[in-house]
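Here's the structure we're looking at; comments come further down.
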Amino acid sequence: MISIIIPTHMEEKYLPRLLESLKRQTDRDFEVIVVDWNSKDKTREIARKYGCKLVMAEKRGIGRGRNLGAKHAKGDVLAFIDADIVLPPNFVEEVKGVKCNAAICEWIPLEDDLLLKLYYRISYLFCKLFNLLGIGHSPGFCTIIRRDIFERVGGYNEELLAGEDHELARRVRRLTKICHLKVKIRMDSRRVRKEGKFGIIWKYTAAEIRVLLGKRVGGFEIAR
């Protein structure tokens, strides 16, 4: 079974769209775990409405929330998905068919924006290149990993405020390859709208460099 883990904080605008895409999956052998930290909107109500397993996080932190979700998961494969993602109907089917221990997939914008499409495509190609070079790279908004590998590497580093996804991928890559699925997920570009195309590029490039250098990343948004 696949355990889909969704960390949330004030996600009433985006969560229904993701959960609707999960309702349309061609393979139903999965569970959905929503790990919520301190939402004051209808996030928790929405999670209950869709029949998700709702876990309350006592402390803030995206890595901490994902680790907590993994502790409550029953599946032997963990899929960490952010609330602003929309999955294709064959996502679970593709995940179950993969023959490797960890995987990611290409992401494209929900918006019909040529520059965004180009930016996302370049970002994905860099991610793919890093994995081919054996460095290890994985976007936090869609990371798939076998439970035994996740537990073996110790899960997400809860001390990191950003770059926790790539740091996990580095440790995973030392043990096993990171595959790339054929399916493409769609992603709402709210972070780009908030910080601007160049602002978001600088933010995550800086975080990536600091992780590569083994330094702690500070000053970033934690719970999304």
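By order of appearance in the structure tokens: chains A, B, ..., then residues from 1 within every chain, and ligands from 1 in the order shown.
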Got a sec: who's within 9 Å of A:His137, counting only C-alpha atoms, leaving out chain neighbours fewer than 3 positions off, as a tab-separated table (two decimals) with C-alpha atoms, in the first residue's frame?
```tsv
chain	number	residue	atom	x	y	z
A	126	PHE	CA	18.83	20.20	-12.98
A	127	CYS	CA	17.22	17.85	-10.46
A	128	LYS	CA	17.54	14.98	-12.90
A	129	LEU	CA	21.17	15.86	-13.63
A	130	PHE	CA	22.05	15.92	-9.93
A	131	ASN	CA	20.60	12.45	-9.49
A	134	GLY	CA	24.98	10.66	-7.86
A	165	ASP	CA	14.21	17.75	0.94
A	166	HIS	CA	17.54	17.91	-0.88
A	167	GLU	CA	19.46	17.02	2.27
A	168	LEU	CA	17.35	13.88	2.65
A	169	ALA	CA	17.96	13.03	-1.01
A	170	ARG	CA	21.72	13.26	-0.47
A	173	ARG	CA	21.40	8.61	-2.79
A	178	ILE	CA	16.58	7.93	-7.16
```
Report task. Find the residues near stretch 89-92 of chain A: any atom within 9 Å, counting only C-alpha atoms, skip ones fewer than 3 places away on the same chain, and give them as an NGL selection string. Result -> :A and (2 or 21-30 or 95-97 or 183-185)
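Ranking A:Val98, A:Val172, A:Ile46, A:Ala79 by their shortest atom-to-atom distance to A:Pro16, with only C-alpha atoms included, puts A:Ile46 first.
For the atom pair formed by atom CA of A:His72 and atom CA of A:Asp188, the distance is 27.1 Å, given to one decimal.
Of the residues in stretch 6-92 of chain A, those that DSSP places in alpha helix (DSSP H) on the basis of the backbone are Leu15, Pro16, Arg17, Leu18, Leu19, Glu20, Ser21, Leu22, Lys23, Thr43, Arg44, Glu45, Ile46, Ala47, Arg48, Lys49, Ile62, Gly63, Arg64, Gly65, Arg66, Asn67, Leu68, Gly69, Ala70, Lys71, His72, Phe91 and Val92 of chain A.
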Requested in this report: For A:Met10, list every protein, DNA or RNA residue within 9 Å, evaluated using only C-alpha atoms, and leave out those in the same chain fewer than 4 positions away; present the list as a PyMOL selection string.
Outcome: chain A and resi 36-44+224
Using the selection just defined, write its residues with N, CA and C atoms as a PDB file, in the first residue's frame.
```pdb
ATOM      1  N   ASP A  36      -1.426  18.213  10.245  1.00  0.00           N
ATOM      2  CA  ASP A  36      -1.718  19.647  10.312  1.00  0.00           C
ATOM      3  C   ASP A  36      -1.084  20.301  11.531  1.00  0.00           C
ATOM      4  N   TRP A  37      -0.516  21.470  11.280  1.00  0.00           N
ATOM      5  CA  TRP A  37       0.015  22.278  12.375  1.00  0.00           C
ATOM      6  C   TRP A  37      -0.776  23.571  12.499  1.00  0.00           C
ATOM      7  N   ASN A  38      -1.573  23.657  13.541  1.00  0.00           N
ATOM      8  CA  ASN A  38      -2.163  24.923  13.985  1.00  0.00           C
ATOM      9  C   ASN A  38      -2.997  25.670  12.941  1.00  0.00           C
ATOM     10  N   SER A  39      -3.714  24.951  12.084  1.00  0.00           N
ATOM     11  CA  SER A  39      -4.569  25.628  11.100  1.00  0.00           C
ATOM     12  C   SER A  39      -5.802  26.217  11.782  1.00  0.00           C
ATOM     13  N   LYS A  40      -6.093  27.465  11.469  1.00  0.00           N
ATOM     14  CA  LYS A  40      -7.266  28.145  12.021  1.00  0.00           C
ATOM     15  C   LYS A  40      -8.391  28.244  10.990  1.00  0.00           C
ATOM     16  N   ASP A  41      -8.142  27.779   9.785  1.00  0.00           N
ATOM     17  CA  ASP A  41      -9.165  27.813   8.741  1.00  0.00           C
ATOM     18  C   ASP A  41      -9.868  26.454   8.682  1.00  0.00           C
ATOM     19  N   LYS A  42     -10.344  26.050   7.523  1.00  0.00           N
ATOM     20  CA  LYS A  42     -11.110  24.809   7.400  1.00  0.00           C
ATOM     21  C   LYS A  42     -10.266  23.611   6.943  1.00  0.00           C
ATOM     22  N   THR A  43      -8.961  23.718   7.062  1.00  0.00           N
ATOM     23  CA  THR A  43      -8.081  22.634   6.607  1.00  0.00           C
ATOM     24  C   THR A  43      -8.443  21.301   7.243  1.00  0.00           C
ATOM     25  N   ARG A  44      -8.583  21.265   8.550  1.00  0.00           N
ATOM     26  CA  ARG A  44      -8.871  20.011   9.254  1.00  0.00           C
ATOM     27  C   ARG A  44     -10.261  19.485   8.899  1.00  0.00           C
ATOM     28  N   ARG A 224       4.340  25.382   5.233  1.00  0.00           N
ATOM     29  CA  ARG A 224       3.744  25.984   4.050  1.00  0.00           C
ATOM     30  C   ARG A 224       2.245  25.745   4.024  1.00  0.00           C
TER      31      ARG A 224
END
```
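Taking only C-alpha atoms, the non-local environment of A:Asn101 within 10 Å (same-chain residues fewer than 2 positions away omitted) comprises Val77, Val98, Lys99, Ala103, Ile144, Ile145, Arg146, Arg147, Asp148, Ile149, Phe150, Val172, Arg173, Leu175, Thr176, Lys177, Ile178 and Cys179 of chain A.
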Just C-alpha atoms for this one: save the residues we selected as a PDB file, in the first residue's frame.
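The result, written out as selection_20.pdb:
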```pdb
ATOM      1  CA  VAL A  77       5.949   3.131   0.297  1.00  0.00           C
ATOM      2  CA  VAL A  98       8.336   1.580  -9.977  1.00  0.00           C
ATOM      3  CA  LYS A  99      11.174  -0.870  -9.327  1.00  0.00           C
ATOM      4  CA  ALA A 103      11.594   8.312  -6.939  1.00  0.00           C
ATOM      5  CA  ILE A 144       8.474   8.943  -3.004  1.00  0.00           C
ATOM      6  CA  ILE A 145      10.538   6.557  -0.909  1.00  0.00           C
ATOM      7  CA  ARG A 146      10.266   3.059   0.471  1.00  0.00           C
ATOM      8  CA  ARG A 147       9.613   3.052   4.206  1.00  0.00           C
ATOM      9  CA  ASP A 148      12.631   0.867   5.031  1.00  0.00           C
ATOM     10  CA  ILE A 149      14.991   3.251   3.225  1.00  0.00           C
ATOM     11  CA  PHE A 150      13.354   6.291   4.857  1.00  0.00           C
ATOM     12  CA  VAL A 172      19.167   8.434   0.289  1.00  0.00           C
ATOM     13  CA  ARG A 173      21.397   8.611  -2.790  1.00  0.00           C
ATOM     14  CA  LEU A 175      22.261   3.999  -0.367  1.00  0.00           C
ATOM     15  CA  THR A 176      20.273   3.719  -3.574  1.00  0.00           C
ATOM     16  CA  LYS A 177      19.348   5.352  -6.867  1.00  0.00           C
ATOM     17  CA  ILE A 178      16.581   7.933  -7.164  1.00  0.00           C
ATOM     18  CA  CYS A 179      14.375   7.133 -10.155  1.00  0.00           C
TER      19      CYS A 179
END
```
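Considering the residues A:Met187, A:Ala83, A:Ile6, A:Leu18 and counting only C-alpha atoms, A:Lys53 has its shortest atom-to-atom contact with A:Ile6.
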Query - Residue list (strand (DSSP E), DSSP) for stretch 32-164 of chain A, as a VMD selection string - result: chain A and resid 32 to 36 53 to 56 77 to 81 85 to 86 102 to 109 142 to 146
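Here atom CA of A:Pro7 is placed at a distance of 15.8 Å from atom CA of A:Gly163.
By only C-alpha atoms, and with residues fewer than 4 positions from A:Arg60 along its chain excluded, the set lying at most 12 Å from it is Pro7, Thr8, His9, Val35, Asp36, Trp37, Asn38, Ser39, Met56, Arg64, Gly65, Arg66, Leu68, Glu158, Glu159, Leu160, Leu161, Glu221, Ile222, Ala223 and Arg224 of chain A.
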Query - Shell of 10 Å around A:Ile81, only C-alpha atoms, local chain residues under 3 positions omitted, as number ranges by chain - result: A: 4-7, 18, 34, 66, 78, 84-87, 139-144
Grab the residues selected above and save them as a PDB file, in the first residue's frame with N, CA and C atoms.
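Below is the file again_32.pdb, written as the result:
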```
ATOM      1  N   ILE A   4       0.169   8.271   1.421  1.00  0.00           N
ATOM      2  CA  ILE A   4       0.356   9.629   0.915  1.00  0.00           C
ATOM      3  C   ILE A   4       0.279  10.585   2.098  1.00  0.00           C
ATOM      4  N   ILE A   5       1.360  11.300   2.339  1.00  0.00           N
ATOM      5  CA  ILE A   5       1.498  12.150   3.519  1.00  0.00           C
ATOM      6  C   ILE A   5       1.513  13.612   3.091  1.00  0.00           C
ATOM      7  N   ILE A   6       0.565  14.379   3.632  1.00  0.00           N
ATOM      8  CA  ILE A   6       0.395  15.781   3.239  1.00  0.00           C
ATOM      9  C   ILE A   6       0.551  16.678   4.465  1.00  0.00           C
ATOM     10  N   PRO A   7       1.653  17.417   4.586  1.00  0.00           N
ATOM     11  CA  PRO A   7       1.785  18.376   5.689  1.00  0.00           C
ATOM     12  C   PRO A   7       0.995  19.642   5.367  1.00  0.00           C
ATOM     13  N   LEU A  18      -6.178  18.905  -4.353  1.00  0.00           N
ATOM     14  CA  LEU A  18      -5.316  17.722  -4.263  1.00  0.00           C
ATOM     15  C   LEU A  18      -6.134  16.485  -3.912  1.00  0.00           C
ATOM     16  N   VAL A  34      -3.082  13.446   6.562  1.00  0.00           N
ATOM     17  CA  VAL A  34      -2.884  14.892   6.612  1.00  0.00           C
ATOM     18  C   VAL A  34      -2.302  15.235   7.979  1.00  0.00           C
ATOM     19  N   ARG A  66       6.412  15.919   8.153  1.00  0.00           N
ATOM     20  CA  ARG A  66       6.544  14.745   7.280  1.00  0.00           C
ATOM     21  C   ARG A  66       6.982  13.518   8.077  1.00  0.00           C
ATOM     22  N   LEU A  78       6.173   5.445   0.994  1.00  0.00           N
ATOM     23  CA  LEU A  78       5.728   6.755   1.462  1.00  0.00           C
ATOM     24  C   LEU A  78       5.814   7.766   0.324  1.00  0.00           C
ATOM     25  N   ASP A  84      -0.472  21.981  -2.406  1.00  0.00           N
ATOM     26  CA  ASP A  84      -0.737  22.752  -3.627  1.00  0.00           C
ATOM     27  C   ASP A  84      -0.421  21.978  -4.906  1.00  0.00           C
ATOM     28  N   ILE A  85      -0.366  20.651  -4.785  1.00  0.00           N
ATOM     29  CA  ILE A  85      -0.096  19.777  -5.928  1.00  0.00           C
ATOM     30  C   ILE A  85      -1.396  19.161  -6.435  1.00  0.00           C
ATOM     31  N   VAL A  86      -1.466  18.903  -7.734  1.00  0.00           N
ATOM     32  CA  VAL A  86      -2.568  18.142  -8.336  1.00  0.00           C
ATOM     33  C   VAL A  86      -1.951  16.938  -9.033  1.00  0.00           C
ATOM     34  N   LEU A  87      -2.437  15.750  -8.685  1.00  0.00           N
ATOM     35  CA  LEU A  87      -1.858  14.509  -9.201  1.00  0.00           C
ATOM     36  C   LEU A  87      -2.639  13.977 -10.397  1.00  0.00           C
ATOM     37  N   PRO A 139      12.577  17.190  -4.865  1.00  0.00           N
ATOM     38  CA  PRO A 139      11.714  18.284  -4.430  1.00  0.00           C
ATOM     39  C   PRO A 139      10.808  17.832  -3.294  1.00  0.00           C
ATOM     40  N   GLY A 140      10.706  18.636  -2.245  1.00  0.00           N
ATOM     41  CA  GLY A 140       9.898  18.248  -1.094  1.00  0.00           C
ATOM     42  C   GLY A 140       8.434  18.071  -1.406  1.00  0.00           C
ATOM     43  N   PHE A 141       7.946  18.779  -2.427  1.00  0.00           N
ATOM     44  CA  PHE A 141       6.512  18.728  -2.702  1.00  0.00           C
ATOM     45  C   PHE A 141       6.064  17.414  -3.326  1.00  0.00           C
ATOM     46  N   CYS A 142       6.991  16.577  -3.761  1.00  0.00           N
ATOM     47  CA  CYS A 142       6.636  15.245  -4.272  1.00  0.00           C
ATOM     48  C   CYS A 142       7.855  14.326  -4.194  1.00  0.00           C
ATOM     49  N   THR A 143       7.968  13.632  -3.090  1.00  0.00           N
ATOM     50  CA  THR A 143       9.070  12.699  -2.870  1.00  0.00           C
ATOM     51  C   THR A 143       8.502  11.333  -2.522  1.00  0.00           C
ATOM     52  N   ILE A 144       8.958  10.310  -3.216  1.00  0.00           N
ATOM     53  CA  ILE A 144       8.474   8.943  -3.004  1.00  0.00           C
ATOM     54  C   ILE A 144       9.644   8.089  -2.540  1.00  0.00           C
TER      55      ILE A 144
END
```
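Taking atom CA of A:Glu11 and atom CA of A:Ala162 as the two end points, the separation is 19.2 Å.
The shortest atom-to-atom distance to A:His180, with only C-alpha atoms taken into account, belongs to A:Glu94 out of A:Glu151, A:Glu20, A:Asp82, A:Glu94.
The nearest approach to A:Asn157 among the residues A:Ile33, A:Met1, A:Ile62, A:Ala70, with only C-alpha atoms taken into account, belongs to A:Ile62.
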